[in-house]
Amino acid sequence: MAIIETRGLTKRYGRLLALDSLDLVVEEGAVFGFVGPNGAGKTTTMRILATLLRQTAGEAWVAGYPVSTHPRDVRRAIGYMPDFFGVYGDMKVWEYLDFFSACYGIPAHTRRRLTDDLLELVDLSHRRDDFVDSLSRGMKQRLCLARSLAHDPQLLILDEPASGLDPRARVEIRELLRELQAMGKTILISSHILSEIEEICTHIGIIEAGRLVASGTLEEMRQRLRVQRMVAVRLTGQLDAAQEWLQDHAHVLEVETAQENGEGPPYLRVRFSGDDDALAALLREMVGAGFPVLDFHEEAEDLEDVFMRLTKGIVS
């Protein structure tokens with residue numbers, strides 16, 4: 001069941017076309033990574049879904065409700081964490097959560113227990129009585145995430161939640177998102193930190209210039225790119241001869257020498273255009289030609305590879 005769906009979603013700012021007939025589907029229970037360069041339309045899409053911005057054309061539905069006509073129902077279904085948010089620094093941490101819980105209409109007799117549970121979830125129980133201003137940026141991010149969870153929403157919309165965080169704080173946010181996923185939350189998350197998106201997401205959408213370039217699981221998008229694949233070939237000797245031999249092969253587009261992290265014995269990286277049968281034939285031919293092949297495997301492309309290939313600024 002789709003918890004987010006957009007059809008022909010379009011947003012114009014004067015002459016600027018921020019969203020260009022965007023069609024997007026996010027299934028319930030997914031952790032959907034929304035990836036794209038600056039200005040691609042990620043934040044605009046999220047603000048429309050959060051009922052903070054009205055679209056120019058098209059429609060969007062969240063939890064079955066059209067955002068343009070049922071904004072209150074949508075707001076009850078979502079927890080929204082913007083890319084830039086304000087916190088009330090002169091409040092204590094528990095007061096901050098208690099205040100927003102009250103705004104969501106949660107009764108006073110349940111708010112203390114709820115506040116304690118949220119603080120435990122985001123690992124801020126030990127800072128309960130501290131002022132918000134005294135928290136680090138990473139702690140403030142976790143506090144704002146706790147705020148978005150106060151009314152137990154079905155869907156979390158998180159715009160760059162790890163932006164500006166140090167490596168430890170990013171790991172903490174990532175682990176927290178994994179925990180929320182295990183709790184059954186659907187999460188739409190945008191980020192430029194591509195490796196982290198890959199680690200936590202079940203599905204990915206790549207957007208550029210207001211259009212969805214690709215959408216699906218990471219493996220599905222890798223399969224779309226199989227017309228060119230990278231193969232690692234390690235040999236016990238004859239490296240130069242093997243490189244020269246490979247360059248004359250019909251399906252080989254490029255051969256280069258490489259090392260793991262700039263260290264260790266060199267090996268060959270082969271950009272290959274053939275299918276699985278052609279790849280198996282290449283290995284047989286190499287062995288038949290007398291090359292001492294120690295290891296021969298296709299390198300898995302990470303999300304950054306996929307992103308770079310599917311956005312217009314990069315030539316495959």
# chains A, B, ... in the order shown; residues from 1 in each chain; ligands from 1
>>> select_by_dssp(residues="range 64-250 of chain A", states="strand (DSSP E)", output="MDAnalysis selection string")
chainID A and resid 65:66 78:81 155:159 186:190 203:208 211:216 229:235
>>> write_last_selection(atoms="C-alpha atoms", output="mmCIF file, in the first residue's frame")
data_model
loop_
_atom_site.group_PDB
_atom_site.id
_atom_site.type_symbol
_atom_site.label_atom_id
_atom_site.label_comp_id
_atom_site.auth_asym_id
_atom_site.auth_seq_id
_atom_site.Cartn_x
_atom_site.Cartn_y
_atom_site.Cartn_z
ATOM 1 C CA TYR A 65 -5.420 11.971 2.098
ATOM 2 C CA PRO A 66 -4.960 14.611 -0.627
ATOM 3 C CA ILE A 78 3.244 12.725 9.491
ATOM 4 C CA GLY A 79 6.186 13.800 11.584
ATOM 5 C CA TYR A 80 8.159 16.456 9.717
ATOM 6 C CA MET A 81 11.751 17.451 10.400
ATOM 7 C CA LEU A 155 5.223 8.613 8.281
ATOM 8 C CA LEU A 156 8.412 10.548 9.033
ATOM 9 C CA ILE A 157 9.557 13.175 6.510
ATOM 10 C CA LEU A 158 13.169 14.051 7.288
ATOM 11 C CA ASP A 159 14.928 16.691 5.211
ATOM 12 C CA THR A 186 7.735 4.641 7.071
ATOM 13 C CA ILE A 187 10.532 7.145 6.497
ATOM 14 C CA LEU A 188 11.154 9.551 3.630
ATOM 15 C CA ILE A 189 14.664 10.941 4.026
ATOM 16 C CA SER A 190 16.685 13.275 1.834
ATOM 17 C CA HIS A 203 14.247 2.144 -1.658
ATOM 18 C CA ILE A 204 15.795 5.126 -3.401
ATOM 19 C CA GLY A 205 14.549 7.868 -5.685
ATOM 20 C CA ILE A 206 16.974 10.030 -7.656
ATOM 21 C CA ILE A 207 15.660 13.463 -8.610
ATOM 22 C CA GLU A 208 17.197 16.091 -10.852
ATOM 23 C CA ARG A 211 12.049 15.173 -12.360
ATOM 24 C CA LEU A 212 12.405 11.684 -10.975
ATOM 25 C CA VAL A 213 15.318 10.136 -12.851
ATOM 26 C CA ALA A 214 15.045 6.682 -11.286
ATOM 27 C CA SER A 215 13.223 4.968 -8.448
ATOM 28 C CA GLY A 216 13.327 1.527 -6.889
ATOM 29 C CA ARG A 229 29.909 -3.166 -15.312
ATOM 30 C CA MET A 230 33.209 -3.002 -13.494
ATOM 31 C CA VAL A 231 35.166 -6.242 -13.043
ATOM 32 C CA ALA A 232 38.152 -6.697 -10.740
ATOM 33 C CA VAL A 233 40.823 -9.103 -12.010
ATOM 34 C CA ARG A 234 43.723 -10.156 -9.762
ATOM 35 C CA LEU A 235 46.618 -12.201 -11.119
#
>>> residues_around(residues="Cys144 in chain A", least_positions_apart="6", cutoff="12 Å", atoms="only C-alpha atoms", output="PyMOL selection string")
chain A and resi 79-88+93+96-97+100+118-119+122+124+132+135+137-138+150+156+158-159+161-162+173
>>> atom_distance(atom1="CA of Thr43 in chain A", atom2="CA of Thr115 in chain A")
28.8 Å
>>> atom_distance(atom1="CA of Asp20 in chain A", atom2="CA of Glu59 in chain A")
12.3 Å
>>> select_by_dssp(residues="range 187-290 of chain A", states="alpha helix (DSSP H)", output="NGL selection string")
:A and (194-200 or 218-224 or 239-247 or 276-288)
